[in-house]
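Source file: my_file_0.cif (mmCIF, C-alpha atoms and all ligand atoms)
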```
data_query
loop_
_atom_site.group_PDB
_atom_site.id
_atom_site.type_symbol
_atom_site.label_atom_id
_atom_site.label_comp_id
_atom_site.auth_asym_id
_atom_site.auth_seq_id
_atom_site.Cartn_x
_atom_site.Cartn_y
_atom_site.Cartn_z
ATOM 1 C CA MET Q 259 49.472 161.713 29.563
ATOM 2 C CA ASP Q 260 51.918 161.183 26.677
ATOM 3 C CA ASP Q 261 51.841 157.833 24.911
ATOM 4 C CA LEU Q 262 54.491 155.209 25.617
ATOM 5 C CA ILE Q 263 56.081 154.796 22.187
ATOM 6 C CA LEU Q 264 58.313 151.742 21.896
ATOM 7 C CA HIS Q 265 60.619 151.692 18.876
ATOM 8 C CA GLN Q 266 61.250 148.001 18.251
ATOM 9 C CA TYR Q 267 60.930 145.113 15.836
ATOM 10 C CA GLU Q 268 59.221 141.791 16.220
ATOM 11 C CA ALA Q 269 62.302 139.518 16.088
ATOM 12 C CA SER Q 270 64.330 141.556 18.615
ATOM 13 C CA PRO Q 271 64.943 139.732 21.932
ATOM 14 C CA PHE Q 272 65.591 142.938 23.911
ATOM 15 C CA SER Q 273 62.290 144.251 22.532
ATOM 16 C CA GLU Q 274 60.657 141.055 23.772
ATOM 17 C CA LYS Q 275 62.043 141.734 27.262
ATOM 18 C CA VAL Q 276 60.313 145.133 27.248
ATOM 19 C CA ARG Q 277 57.121 143.764 25.650
ATOM 20 C CA LEU Q 278 56.869 141.260 28.527
ATOM 21 C CA VAL Q 279 57.044 144.170 30.993
ATOM 22 C CA MET Q 280 54.259 145.913 29.033
ATOM 23 C CA GLY Q 281 52.274 142.691 29.435
ATOM 24 C CA MET Q 282 53.078 142.228 33.122
ATOM 25 C CA LYS Q 283 51.796 145.742 33.795
ATOM 26 C CA SER Q 284 48.860 145.556 31.294
ATOM 27 C CA LEU Q 285 50.052 148.721 29.551
ATOM 28 C CA ALA Q 286 48.734 150.287 26.357
ATOM 29 C CA TRP Q 287 51.607 151.379 24.083
ATOM 30 C CA ARG Q 288 52.373 152.530 20.586
ATOM 31 C CA ALA Q 289 54.625 150.289 18.485
ATOM 32 C CA VAL Q 290 56.968 151.859 15.949
ATOM 33 C CA THR Q 291 58.732 149.211 13.854
ATOM 34 C CA VAL Q 292 62.370 150.178 13.287
ATOM 35 C CA PRO Q 293 64.687 148.717 10.617
ATOM 36 C CA MET Q 294 66.724 145.674 11.706
ATOM 37 C CA MET Q 295 69.898 147.202 10.321
ATOM 38 C CA MET Q 296 71.456 150.483 9.302
ATOM 39 C CA PRO Q 297 70.612 152.904 7.799
ATOM 40 C CA LYS Q 298 68.001 154.050 10.330
ATOM 41 C CA PRO Q 299 67.459 157.756 9.612
ATOM 42 C CA ASP Q 300 64.325 158.139 11.760
ATOM 43 C CA VAL Q 301 65.945 156.294 14.686
ATOM 44 C CA VAL Q 302 69.055 158.457 14.586
ATOM 45 C CA ALA Q 303 66.952 161.642 14.299
ATOM 46 C CA LEU Q 304 65.485 160.794 17.698
ATOM 47 C CA THR Q 305 68.508 159.274 19.440
ATOM 48 C CA GLY Q 306 71.339 161.306 17.938
ATOM 49 C CA GLY Q 307 73.311 158.197 16.923
ATOM 50 C CA TYR Q 308 72.293 155.317 19.194
ATOM 51 C CA ARG Q 309 71.236 152.558 16.814
ATOM 52 C CA ARG Q 310 70.378 149.655 19.081
ATOM 53 C CA THR Q 311 66.900 148.282 19.565
ATOM 54 C CA PRO Q 312 64.672 148.981 21.432
ATOM 55 C CA PHE Q 313 64.262 152.543 22.700
ATOM 56 C CA LEU Q 314 61.282 154.191 24.373
ATOM 57 C CA GLN Q 315 59.939 157.626 23.552
ATOM 58 C CA ILE Q 316 57.657 159.649 25.802
ATOM 59 C CA GLY Q 317 57.028 163.015 24.142
ATOM 60 C CA ALA Q 318 60.484 164.492 23.476
ATOM 61 C CA ASP Q 319 62.239 162.217 26.002
ATOM 62 C CA VAL Q 320 64.014 159.233 24.457
ATOM 63 C CA PHE Q 321 65.149 156.380 26.714
ATOM 64 C CA CYS Q 322 67.840 154.070 25.319
ATOM 65 C CA ASP Q 323 68.571 150.511 26.484
ATOM 66 C CA SER Q 324 66.138 147.973 27.899
ATOM 67 C CA ALA Q 325 67.663 148.283 31.394
ATOM 68 C CA LEU Q 326 66.635 151.946 31.577
ATOM 69 C CA ILE Q 327 63.350 151.440 29.702
ATOM 70 C CA CYS Q 328 62.266 148.855 32.279
ATOM 71 C CA ARG Q 329 62.986 151.267 35.146
ATOM 72 C CA VAL Q 330 61.029 154.014 33.391
ATOM 73 C CA LEU Q 331 58.052 151.701 32.847
ATOM 74 C CA ASP Q 332 58.119 150.697 36.507
ATOM 75 C CA ARG Q 333 58.012 154.371 37.571
ATOM 76 C CA HIS Q 334 55.215 155.019 35.085
ATOM 77 C CA ALA Q 335 53.110 152.064 36.307
ATOM 78 C CA PRO Q 336 54.377 150.919 39.716
ATOM 79 C CA ALA Q 337 52.016 147.928 40.119
ATOM 80 C CA PRO Q 338 52.793 145.102 39.980
ATOM 81 C CA ALA Q 339 56.354 145.926 41.014
ATOM 82 C CA LEU Q 340 59.046 144.959 38.504
ATOM 83 C CA TYR Q 341 61.726 145.247 41.201
ATOM 84 C CA PRO Q 342 59.993 143.764 44.291
ATOM 85 C CA ALA Q 343 62.075 144.065 47.466
ATOM 86 C CA ALA Q 344 61.415 140.362 48.098
ATOM 87 C CA ALA Q 345 63.474 139.509 45.012
ATOM 88 C CA SER Q 346 66.569 141.082 46.660
ATOM 89 C CA PRO Q 347 69.394 142.931 44.856
ATOM 90 C CA LEU Q 348 70.213 139.635 43.147
ATOM 91 C CA GLN Q 349 67.532 140.547 40.605
ATOM 92 C CA HIS Q 350 69.818 143.281 39.222
ATOM 93 C CA VAL Q 351 72.784 140.930 39.090
ATOM 94 C CA ILE Q 352 70.726 138.350 37.189
ATOM 95 C CA GLU Q 353 69.392 140.988 34.785
ATOM 96 C CA SER Q 354 72.920 142.125 34.025
ATOM 97 C CA TRP Q 355 74.128 138.529 33.490
ATOM 98 C CA ALA Q 356 71.116 137.585 31.320
ATOM 99 C CA ASP Q 357 71.472 140.710 29.146
ATOM 100 C CA SER Q 358 75.147 139.994 28.470
ATOM 101 C CA SER Q 359 76.535 136.504 29.070
ATOM 102 C CA LEU Q 360 73.342 134.512 28.483
ATOM 103 C CA PHE Q 361 72.226 136.667 25.547
ATOM 104 C CA TRP Q 362 75.621 136.461 23.810
ATOM 105 C CA CYS Q 363 75.629 132.686 23.638
ATOM 106 C CA ALA Q 364 71.888 132.033 23.171
ATOM 107 C CA ILE Q 365 71.363 134.438 20.275
ATOM 108 C CA PRO Q 366 74.379 133.509 18.109
ATOM 109 C CA LEU Q 367 73.795 129.807 18.775
ATOM 110 C CA ALA Q 368 70.134 129.973 17.682
ATOM 111 C CA MET Q 369 71.321 131.689 14.496
ATOM 112 C CA GLN Q 370 74.123 129.154 13.960
ATOM 113 C CA VAL Q 371 71.776 126.170 14.195
ATOM 114 C CA GLY Q 372 69.342 127.363 11.605
ATOM 115 C CA GLY Q 373 67.567 130.265 13.260
ATOM 116 C CA LEU Q 374 69.102 132.755 10.862
ATOM 117 C CA ALA Q 375 68.032 130.800 7.777
ATOM 118 C CA GLN Q 376 64.516 130.521 9.197
ATOM 119 C CA ARG Q 377 64.341 134.199 10.118
ATOM 120 C CA MET Q 378 65.655 135.264 6.739
ATOM 121 C CA ALA Q 379 63.619 132.791 4.668
ATOM 122 C CA GLY Q 380 62.599 134.516 1.471
ATOM 123 C CA GLU Q 381 65.196 137.322 1.783
ATOM 124 C CA SER Q 382 67.541 137.955 -1.136
ATOM 125 C CA PRO Q 383 71.237 136.997 -0.968
ATOM 126 C CA GLU Q 384 72.021 140.754 -1.028
ATOM 127 C CA PHE Q 385 69.905 141.281 2.097
ATOM 128 C CA MET Q 386 71.636 138.389 3.879
ATOM 129 C CA LYS Q 387 75.028 139.821 2.969
ATOM 130 C CA ALA Q 388 74.058 143.293 4.151
ATOM 131 C CA PHE Q 389 72.691 141.872 7.418
ATOM 132 C CA ALA Q 390 75.886 139.920 8.094
ATOM 133 C CA ALA Q 391 77.989 143.039 7.395
ATOM 134 C CA ASP Q 392 75.748 145.148 9.643
ATOM 135 C CA ARG Q 393 76.075 142.754 12.579
ATOM 136 C CA ALA Q 394 79.839 142.460 12.028
ATOM 137 C CA ALA Q 395 80.111 146.267 12.272
ATOM 138 C CA LEU Q 396 77.837 146.321 15.344
ATOM 139 C CA THR Q 397 80.059 143.849 17.190
ATOM 140 C CA VAL Q 398 83.473 144.791 15.817
ATOM 141 C CA GLY Q 399 86.283 143.668 18.124
ATOM 142 C CA ARG Q 400 84.226 140.999 19.890
ATOM 143 C CA ALA Q 401 85.313 137.360 19.857
ATOM 144 C CA ARG Q 402 83.129 135.106 17.717
ATOM 145 C CA PRO Q 403 82.746 131.738 19.446
ATOM 146 C CA GLY Q 404 81.657 128.841 17.217
ATOM 147 C CA PRO Q 405 78.566 126.672 17.689
ATOM 148 C CA ALA Q 406 80.360 124.109 19.917
ATOM 149 C CA ASP Q 407 81.560 126.924 22.205
ATOM 150 C CA ASN Q 408 78.161 128.584 22.364
ATOM 151 C CA ALA Q 409 76.389 125.247 22.956
ATOM 152 C CA ALA Q 410 78.698 124.537 25.905
ATOM 153 C CA HIS Q 411 78.338 128.050 27.306
ATOM 154 C CA LEU Q 412 74.563 127.833 26.983
ATOM 155 C CA ALA Q 413 74.279 124.391 28.608
ATOM 156 C CA THR Q 414 76.190 125.640 31.669
ATOM 157 C CA GLN Q 415 73.977 128.690 32.052
ATOM 158 C CA LEU Q 416 70.677 126.862 31.455
ATOM 159 C CA ARG Q 417 71.813 124.410 34.109
ATOM 160 C CA TRP Q 418 72.206 127.317 36.527
ATOM 161 C CA LEU Q 419 68.623 128.391 35.807
ATOM 162 C CA GLU Q 420 67.343 124.826 36.127
ATOM 163 C CA SER Q 421 68.929 124.440 39.580
ATOM 164 C CA LEU Q 422 67.656 127.850 40.699
ATOM 165 C CA LEU Q 423 64.152 126.541 39.948
ATOM 166 C CA ALA Q 424 64.764 123.120 41.551
ATOM 167 C CA ASP Q 425 62.676 123.878 44.672
ATOM 168 C CA GLY Q 426 59.558 124.335 42.515
ATOM 169 C CA ARG Q 427 59.391 128.132 42.740
ATOM 170 C CA PRO Q 428 57.390 129.669 39.871
ATOM 171 C CA PHE Q 429 59.818 132.550 39.217
ATOM 172 C CA LEU Q 430 63.603 132.833 39.357
ATOM 173 C CA LEU Q 431 63.764 134.561 42.721
ATOM 174 C CA GLY Q 432 60.630 133.206 44.388
ATOM 175 C CA PRO Q 433 56.861 133.444 44.294
ATOM 176 C CA VAL Q 434 56.617 136.787 42.454
ATOM 177 C CA PRO Q 435 58.132 137.811 39.110
ATOM 178 C CA CYS Q 436 60.830 140.468 38.835
ATOM 179 C CA ILE Q 437 63.234 142.011 36.317
ATOM 180 C CA ALA Q 438 65.402 138.862 36.406
ATOM 181 C CA ASP Q 439 62.572 136.821 34.865
ATOM 182 C CA VAL Q 440 61.953 139.017 31.840
ATOM 183 C CA ALA Q 441 65.689 139.491 31.226
ATOM 184 C CA ALA Q 442 66.346 135.741 31.172
ATOM 185 C CA ALA Q 443 63.134 135.038 29.242
ATOM 186 C CA GLN Q 444 64.215 137.004 26.169
ATOM 187 C CA SER Q 445 66.995 134.500 25.400
ATOM 188 C CA VAL Q 446 64.708 131.484 25.932
ATOM 189 C CA TRP Q 447 62.119 133.187 23.693
ATOM 190 C CA HIS Q 448 64.714 133.470 20.954
ATOM 191 C CA LEU Q 449 65.960 129.885 21.395
ATOM 192 C CA ARG Q 450 62.407 128.548 21.162
ATOM 193 C CA ARG Q 451 62.020 130.166 17.754
ATOM 194 C CA ALA Q 452 64.887 128.062 16.335
ATOM 195 C CA PRO Q 453 63.351 124.587 15.753
ATOM 196 C CA LEU Q 454 66.755 122.880 16.038
ATOM 197 C CA MET Q 455 67.123 124.108 19.624
ATOM 198 C CA ALA Q 456 64.137 122.034 20.789
ATOM 199 C CA ASP Q 457 66.260 119.055 21.920
ATOM 200 C CA THR Q 458 68.527 121.304 23.969
ATOM 201 C CA LEU Q 459 65.610 123.052 25.649
ATOM 202 C CA ALA Q 460 63.904 119.715 26.386
ATOM 203 C CA GLN Q 461 66.780 118.907 28.762
ATOM 204 C CA PHE Q 462 65.644 121.733 31.049
ATOM 205 C CA PRO Q 463 62.000 121.026 32.005
ATOM 206 C CA ARG Q 464 61.935 123.493 34.911
ATOM 207 C CA VAL Q 465 63.181 126.266 32.655
ATOM 208 C CA ALA Q 466 60.411 125.347 30.191
ATOM 209 C CA ALA Q 467 57.739 125.503 32.919
ATOM 210 C CA TRP Q 468 59.108 128.813 34.240
ATOM 211 C CA TYR Q 469 59.147 130.269 30.727
ATOM 212 C CA THR Q 470 55.450 129.364 30.335
ATOM 213 C CA HIS Q 471 54.647 131.500 33.397
ATOM 214 C CA VAL Q 472 56.654 134.461 32.110
ATOM 215 C CA ASN Q 473 55.339 134.198 28.568
ATOM 216 C CA ALA Q 474 51.795 134.327 29.980
ATOM 217 C CA PHE Q 475 52.373 138.036 30.802
ATOM 218 C CA GLY Q 476 51.681 138.721 27.109
ATOM 219 C CA GLN Q 477 52.617 142.036 25.520
ATOM 220 C CA GLY Q 478 50.050 144.513 26.848
ATOM 221 C CA ARG Q 479 48.071 146.442 24.243
ATOM 222 C CA PRO Q 480 50.229 147.690 21.332
ATOM 223 C CA THR Q 481 48.825 149.809 18.504
ATOM 224 C CA PRO Q 482 51.025 150.662 15.527
ATOM 225 C CA MET Q 483 52.482 154.130 14.944
ATOM 226 C CA SER Q 484 54.609 155.304 12.015
ATOM 227 C CA SER Q 485 58.078 156.702 12.620
ATOM 228 C CA ALA Q 486 56.937 159.962 10.939
ATOM 229 C CA GLU Q 487 54.198 160.285 13.550
ATOM 230 C CA ALA Q 488 56.686 159.565 16.354
ATOM 231 C CA LEU Q 489 58.999 162.310 15.044
ATOM 232 C CA GLU Q 490 56.041 164.688 15.021
ATOM 233 C CA VAL Q 491 55.234 163.796 18.643
ATOM 234 C CA ALA Q 492 58.817 164.687 19.615
ATOM 235 C CA ARG Q 493 58.821 167.922 17.633
ATOM 236 C CA SER Q 494 55.521 169.146 19.096
ATOM 237 C CA SER Q 495 56.392 168.286 22.743
ATOM 238 C CA THR Q 496 57.676 171.125 24.881
ATOM 239 C CA ALA Q 497 58.031 169.549 28.337
ATOM 240 C CA PHE Q 498 60.688 167.101 29.483
ATOM 241 C CA ALA Q 499 60.948 164.657 32.370
ATOM 242 C CA SER Q 500 62.621 166.361 35.330
ATOM 243 C CA VAL Q 501 66.342 165.564 35.658
ATOM 244 C CA ARG Q 502 69.422 167.157 37.224
ATOM 245 C CA VAL Q 503 73.197 166.806 37.160
ATOM 246 C CA GLU Q 504 74.228 165.565 40.596
ATOM 247 C CA PRO Q 505 77.504 166.920 42.021
ATOM 248 C CA ASP Q 506 80.793 165.004 42.299
ATOM 249 C CA LEU Q 507 80.135 162.554 39.473
ATOM 250 C CA GLY Q 508 82.899 163.918 37.258
ATOM 251 C CA PHE Q 509 80.949 166.050 34.762
ATOM 252 C CA GLU Q 510 79.557 169.603 34.764
ATOM 253 C CA GLU Q 511 75.970 170.581 34.058
ATOM 254 C CA GLY Q 512 75.616 171.900 30.506
ATOM 255 C CA ALA Q 513 78.979 170.438 29.384
ATOM 256 C CA ARG Q 514 79.175 169.323 25.781
ATOM 257 C CA VAL Q 515 79.598 165.526 25.977
ATOM 258 C CA THR Q 516 79.256 162.306 24.052
ATOM 259 C CA VAL Q 517 77.632 159.208 25.501
ATOM 260 C CA ALA Q 518 78.347 155.772 24.026
ATOM 261 C CA ALA Q 519 77.810 152.109 24.969
ATOM 262 C CA THR Q 520 80.965 150.396 26.251
ATOM 263 C CA ASP Q 521 80.179 146.915 24.886
ATOM 264 C CA TYR Q 522 79.000 147.073 21.227
ATOM 265 C CA GLY Q 523 77.012 149.377 18.981
ATOM 266 C CA SER Q 524 79.088 152.169 20.509
ATOM 267 C CA ASP Q 525 78.081 155.024 18.171
ATOM 268 C CA PRO Q 526 78.482 158.202 20.232
ATOM 269 C CA CYS Q 527 75.563 160.594 20.853
ATOM 270 C CA GLU Q 528 76.529 164.237 21.386
ATOM 271 C CA GLY Q 529 74.688 166.929 23.318
ATOM 272 C CA ALA Q 530 74.617 169.125 26.421
ATOM 273 C CA LEU Q 531 74.643 167.222 29.695
ATOM 274 C CA VAL Q 532 71.356 167.971 31.498
ATOM 275 C CA GLY Q 533 71.037 164.962 33.783
ATOM 276 C CA LEU Q 534 73.517 162.730 35.621
ATOM 277 C CA SER Q 535 73.204 160.293 38.492
ATOM 278 C CA LEU Q 536 74.499 156.799 39.191
ATOM 279 C CA ASP Q 537 71.432 155.544 37.312
ATOM 280 C CA GLU Q 538 71.189 157.781 34.296
ATOM 281 C CA ALA Q 539 72.975 160.162 31.924
ATOM 282 C CA VAL Q 540 70.834 162.584 29.913
ATOM 283 C CA ILE Q 541 71.831 164.821 27.024
ATOM 284 C CA GLU Q 542 69.839 167.499 25.260
ATOM 285 C CA ARG Q 543 70.223 167.918 21.517
ATOM 286 C CA GLU Q 544 68.568 169.687 18.642
ATOM 287 C CA ASP Q 545 67.554 167.786 15.532
ATOM 288 C CA GLU Q 546 66.284 169.179 12.263
ATOM 289 C CA ARG Q 547 63.365 166.778 12.187
ATOM 290 C CA ALA Q 548 62.768 165.749 15.806
ATOM 291 C CA GLY Q 549 63.258 169.231 17.314
ATOM 292 C CA ARG Q 550 64.716 169.572 20.818
ATOM 293 C CA VAL Q 551 64.988 166.112 22.374
ATOM 294 C CA ARG Q 552 66.524 164.684 25.523
ATOM 295 C CA VAL Q 553 68.205 161.321 25.201
ATOM 296 C CA HIS Q 554 68.537 159.224 28.369
ATOM 297 C CA PHE Q 555 71.022 156.368 28.870
ATOM 298 C CA PRO Q 556 71.631 154.045 31.800
ATOM 299 C CA ARG Q 557 74.893 155.098 33.514
ATOM 300 C CA LEU Q 558 75.998 151.468 33.863
ATOM 301 C CA GLY Q 559 77.482 150.267 30.577
ATOM 302 C CA TYR Q 560 77.866 153.729 29.022
ATOM 303 C CA GLN Q 561 80.868 155.997 28.722
ATOM 304 C CA ILE Q 562 80.656 159.809 28.935
ATOM 305 C CA LYS Q 563 83.370 161.964 27.370
ATOM 306 C CA ASN Q 564 83.782 165.733 27.402
ATOM 307 C CA VAL Q 565 83.929 167.075 23.854
ATOM 308 C CA LYS Q 566 87.131 169.038 23.326
ATOM 309 C CA HIS Q 567 86.812 172.185 21.213
HETATM 310 N N1 LIG Q 601 71.966 146.742 26.172
HETATM 311 C C1 LIG Q 601 71.006 146.924 25.127
HETATM 312 C C2 LIG Q 601 71.208 145.892 24.031
HETATM 313 C C3 LIG Q 601 70.245 146.042 22.869
HETATM 314 C C4 LIG Q 601 70.579 145.127 21.693
HETATM 315 O O1 LIG Q 601 71.641 144.514 21.597
HETATM 316 N N2 LIG Q 601 69.634 145.042 20.776
HETATM 317 C C5 LIG Q 601 69.816 144.316 19.533
HETATM 318 C C6 LIG Q 601 68.475 143.788 19.040
HETATM 319 S S1 LIG Q 601 67.711 142.709 20.212
HETATM 320 C C7 LIG Q 601 70.296 145.293 18.486
HETATM 321 O O2 LIG Q 601 70.372 146.471 18.745
HETATM 322 N N3 LIG Q 601 70.608 144.805 17.298
HETATM 323 C C8 LIG Q 601 70.981 145.676 16.220
HETATM 324 C C9 LIG Q 601 69.872 146.524 15.708
HETATM 325 O O3 LIG Q 601 68.697 146.315 16.042
HETATM 326 O O4 LIG Q 601 70.168 147.404 14.920
HETATM 327 C C10 LIG Q 601 69.598 146.850 25.717
HETATM 328 O O5 LIG Q 601 69.445 146.313 26.817
HETATM 329 O O6 LIG Q 601 68.661 147.411 25.123
#
```
Just dump the structure as C-alpha cells.
Amino acid sequence: MDDLILHQYEASPFSEKVRLVMGMKSLAWRAVTVPMMMPKPDVVALTGGYRRTPFLQIGADVFCDSALICRVLDRHAPAPALYPAAASPLQHVIESWADSSLFWCAIPLAMQVGGLAQRMAGESPEFMKAFAADRAALTVGRARPGPADNAAHLATQLRWLESLLADGRPFLLGPVPCIADVAAAQSVWHLRRAPLMADTLAQFPRVAAWYTHVNAFGQGRPTPMSSAEALEVARSSTAFASVRVEPDLGFEEGARVTVAATDYGSDPCEGALVGLSLDEAVIEREDERAGRVRVHFPRLGYQIKNVKH
C-alpha cells in the first residue's frame, strides 16, 4: 500500500488537527516539512497552485484541506471511527465552526499576545517582514480584528465549549471522540503555546481537561521524507484513487476548470475535471516534475470555474 505522506510543518494548527487523527488511528505516516510561506516550488508542483498547509499525498493523488484529509484517513483506517454515528451530524457543524470562526480568533490572538514573537525568536527582521507580507497576501480582503476584539470573540466561543462539557462528558459530543474534537483542539493547541494565554485558558477548566484527553491521541508514527522524494513518489505512481463526475452538479467530465478556496489563500488550480460529487472535486494535471497528478478538494468551501478559451 502507498505511504500516507503528509506535507505539513510543526507550528501549523491545521497540521496538528490531522496529526491528532494520525494518533487517534495509530497510523504510520511520512512527514514532509513544507515552507511556512511562499515561495513553495515543491508544494505547487504537486498541488498546481494550492499553497495552504497541510495536504496529503498518496502516490499521485493529492488531497487538499484538512476537512478532506480527515475523511480520506477515515476511509483508509476506519477504526476507531472519526465520524461515529453517535456523535450526530452536529460533529460536522462543529468542525466547520472550529475551522473558521474559532480558528480565526484564536490564532491571531495568540500571535498578538506574544505568540508571534516567541515563534519567530531568533529570526531576522527581514524574515519577520516577509512573513507578515506573506500572511497579508494570504488573507487579503479579510477584516483584521484587534486583540480586544479577538479576546472577546474567543471568550464567547470558549464559554460555549465549557458549557458543552458541563455534564462531565469526556469529549465534545459524548463518550467517544469525533471530528469535532480534533477540529476544536487545534486552536487550543495553538493558544497553549502562547505563554500569555495561560490566564485566559485557566478560566475554562473543563476545556483544559477535555484537551488533555484529545492531546493524548498523540501523532501516530511519523518518519521524515524529503520533498524531492515525495515528488518522485508522485512521478513514479501510475494508479489513481477511483473517482467519477456525478451528473447534474453543473460541470462536465473532462472540462477544463479551475478550483479555488472561497475564503483565503484562493490561488486557483487548473486541470481537467475527473471527479465531482457533493463531497469532492478532483482535477487531473500534468507537471514537469511531479508527472500526472490528481488534486482533490473538498466541494464545500471551494469554487469551480470553467476555463474559457
Ligand atoms: N481550510 C484549510 C485551512 C488551512 C490553513 O489555513 N492552513 C494554514 C496553516 S495552519 C496556512 O495554510 N497558512 C499558510 C501557509 O502555510 O502557507 C484546511 O482545513 O486545511
| Which residues form the shell of 7 Å around ligand LIG 601 (chain Q) when you count only C-alpha atoms and all ligand atoms, given as a ChimeraX atom specification? | /Q:270-273,294-296,309-312,322-325,357,393,396
Restricted to C-alpha atoms, what would the selected residues look like written as a compact mmCIF listing (two decimals), keeping the file's coordinate frame?
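In the end it all went to part.txt:
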```
# COMPACT_ATOMS: atom_id res chain seq x y z
CA SER Q 270 64.33 141.56 18.61
CA PRO Q 271 64.94 139.73 21.93
CA PHE Q 272 65.59 142.94 23.91
CA SER Q 273 62.29 144.25 22.53
CA MET Q 294 66.72 145.67 11.71
CA MET Q 295 69.90 147.20 10.32
CA MET Q 296 71.46 150.48 9.30
CA ARG Q 309 71.24 152.56 16.81
CA ARG Q 310 70.38 149.66 19.08
CA THR Q 311 66.90 148.28 19.57
CA PRO Q 312 64.67 148.98 21.43
CA CYS Q 322 67.84 154.07 25.32
CA ASP Q 323 68.57 150.51 26.48
CA SER Q 324 66.14 147.97 27.90
CA ALA Q 325 67.66 148.28 31.39
CA ASP Q 357 71.47 140.71 29.15
CA ARG Q 393 76.08 142.75 12.58
CA LEU Q 396 77.84 146.32 15.34
```
| query | Which polymer residues have any atom within 7 Å of an atom of Leu278 of chain Q, counting only C-alpha atoms, with same-chain residues fewer than 2 positions away left out, as a PyMOL selection string? | reply | chain Q and resi 274-276+280-282+440+475-477
| task | Starting from the displayed file, determine the output of the PyMOL selection byres (((chain Q and resi 507) around 12) and not hetatm) and express the residue list as an MDAnalysis selection string. | result | chainID Q and resid 502:506 508:511 533:539 557 562
| task | Could you tell me which residues the PyMOL selection byres (((chain Q and resi 492) around 7) and not hetatm) grabs in this file, written as a PyMOL selection string? | result | chain Q and resi 317-318+488-491+493-495+548-549+551
| said: Report, in Å to a single decimal, how far apart atom CA of Leu314 of chain Q and atom CA of Val565 of chain Q are. | reply: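 Taking atom CA of Val565 of chain Q as the start and atom CA of Leu314 of chain Q as the end point, the length is 26.1 Å.
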| query | Pick from Q:Leu340, Q:Leu412, Q:Met483, Q:Ile541: nearest to His265 of chain Q, with only C-alpha atoms counted? | reply | Q:Met483
| task | Tell me which residues the PyMOL selection byres (((chain Q and resi 441-445) around 8) and not hetatm) grabs here, as a ChimeraX atom specification. | result | /Q:271-272,274-275,352-353,356-357,360-361,364-365,437-440,446-449,469,472-473
| request: Please provide as number ranges by chain all residues within 9 Å of segment 455-461 of chain Q, with the sequence filter that same-chain residues fewer than 6 positions apart are discarded (counting only C-alpha atoms). | output: Q: 367-368, 371-373, 409, 413, 416, 446, 449
| Selection near Phe313 of chain Q, 12 Å with all atoms listed in the file, sequence-local residues under 6 positions removed, as JSON, numbers by chain | {"Q": [262, 263, 264, 265, 266, 267, 270, 272, 273, 275, 276, 277, 289, 290, 291, 292, 301, 302, 304, 305, 319, 320, 321, 322, 323, 324, 325, 326, 327, 328, 330, 331, 553, 554, 555, 556]}
| task | For atom CA of Ala337 of chain Q and atom CA of Lys283 of chain Q, quote the distance in Å rounded to one decimal. | result |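 Separation of atom CA of Ala337 of chain Q and atom CA of Lys283 of chain Q: 6.7 Å.
Relative to atom CA of Glu528 of chain Q, atom CA of Arg514 of chain Q is found at 7.2 Å.
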| query | Looking at all atoms listed in the file, which of Q:Ala379, Q:Leu431, Q:Val540, Q:Leu531 is the one that sits closest to Pro342 of chain Q? | reply | Q:Leu431
What are the centre and edge lengths in Å, to one decimal, of the axis-aligned box around all listed atoms of segment 498-515 of chain Q with 6 Å added on each side, as AutoDock Vina command-line options?
```
--center_x 71.8 --center_y 167.2 --center_z 34.0 --size_x 34.2 --size_y 21.3 --size_z 28.5
```
| query | Taking only C-alpha atoms into account, which of Q:Leu430, Q:Asn564, Q:Leu558, Q:Asp545 comes nearest Val515 of chain Q? | reply |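 Of all the options, Q:Asn564 lies closest to Val515 of chain Q.
Minimum atom-to-atom distance to Val434 of chain Q, evaluated using all atoms listed in the file, belongs to Q:Ala339 out of Q:Ala391, Q:Val351, Q:Ala339, Q:Val398.
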| So which residues fall inside 10 Å of (62.4, 124.6, 38.0) if we count only C-alpha atoms? Mind giving them as a VMD selection string? | chain Q and resid 419 to 430 462 to 469
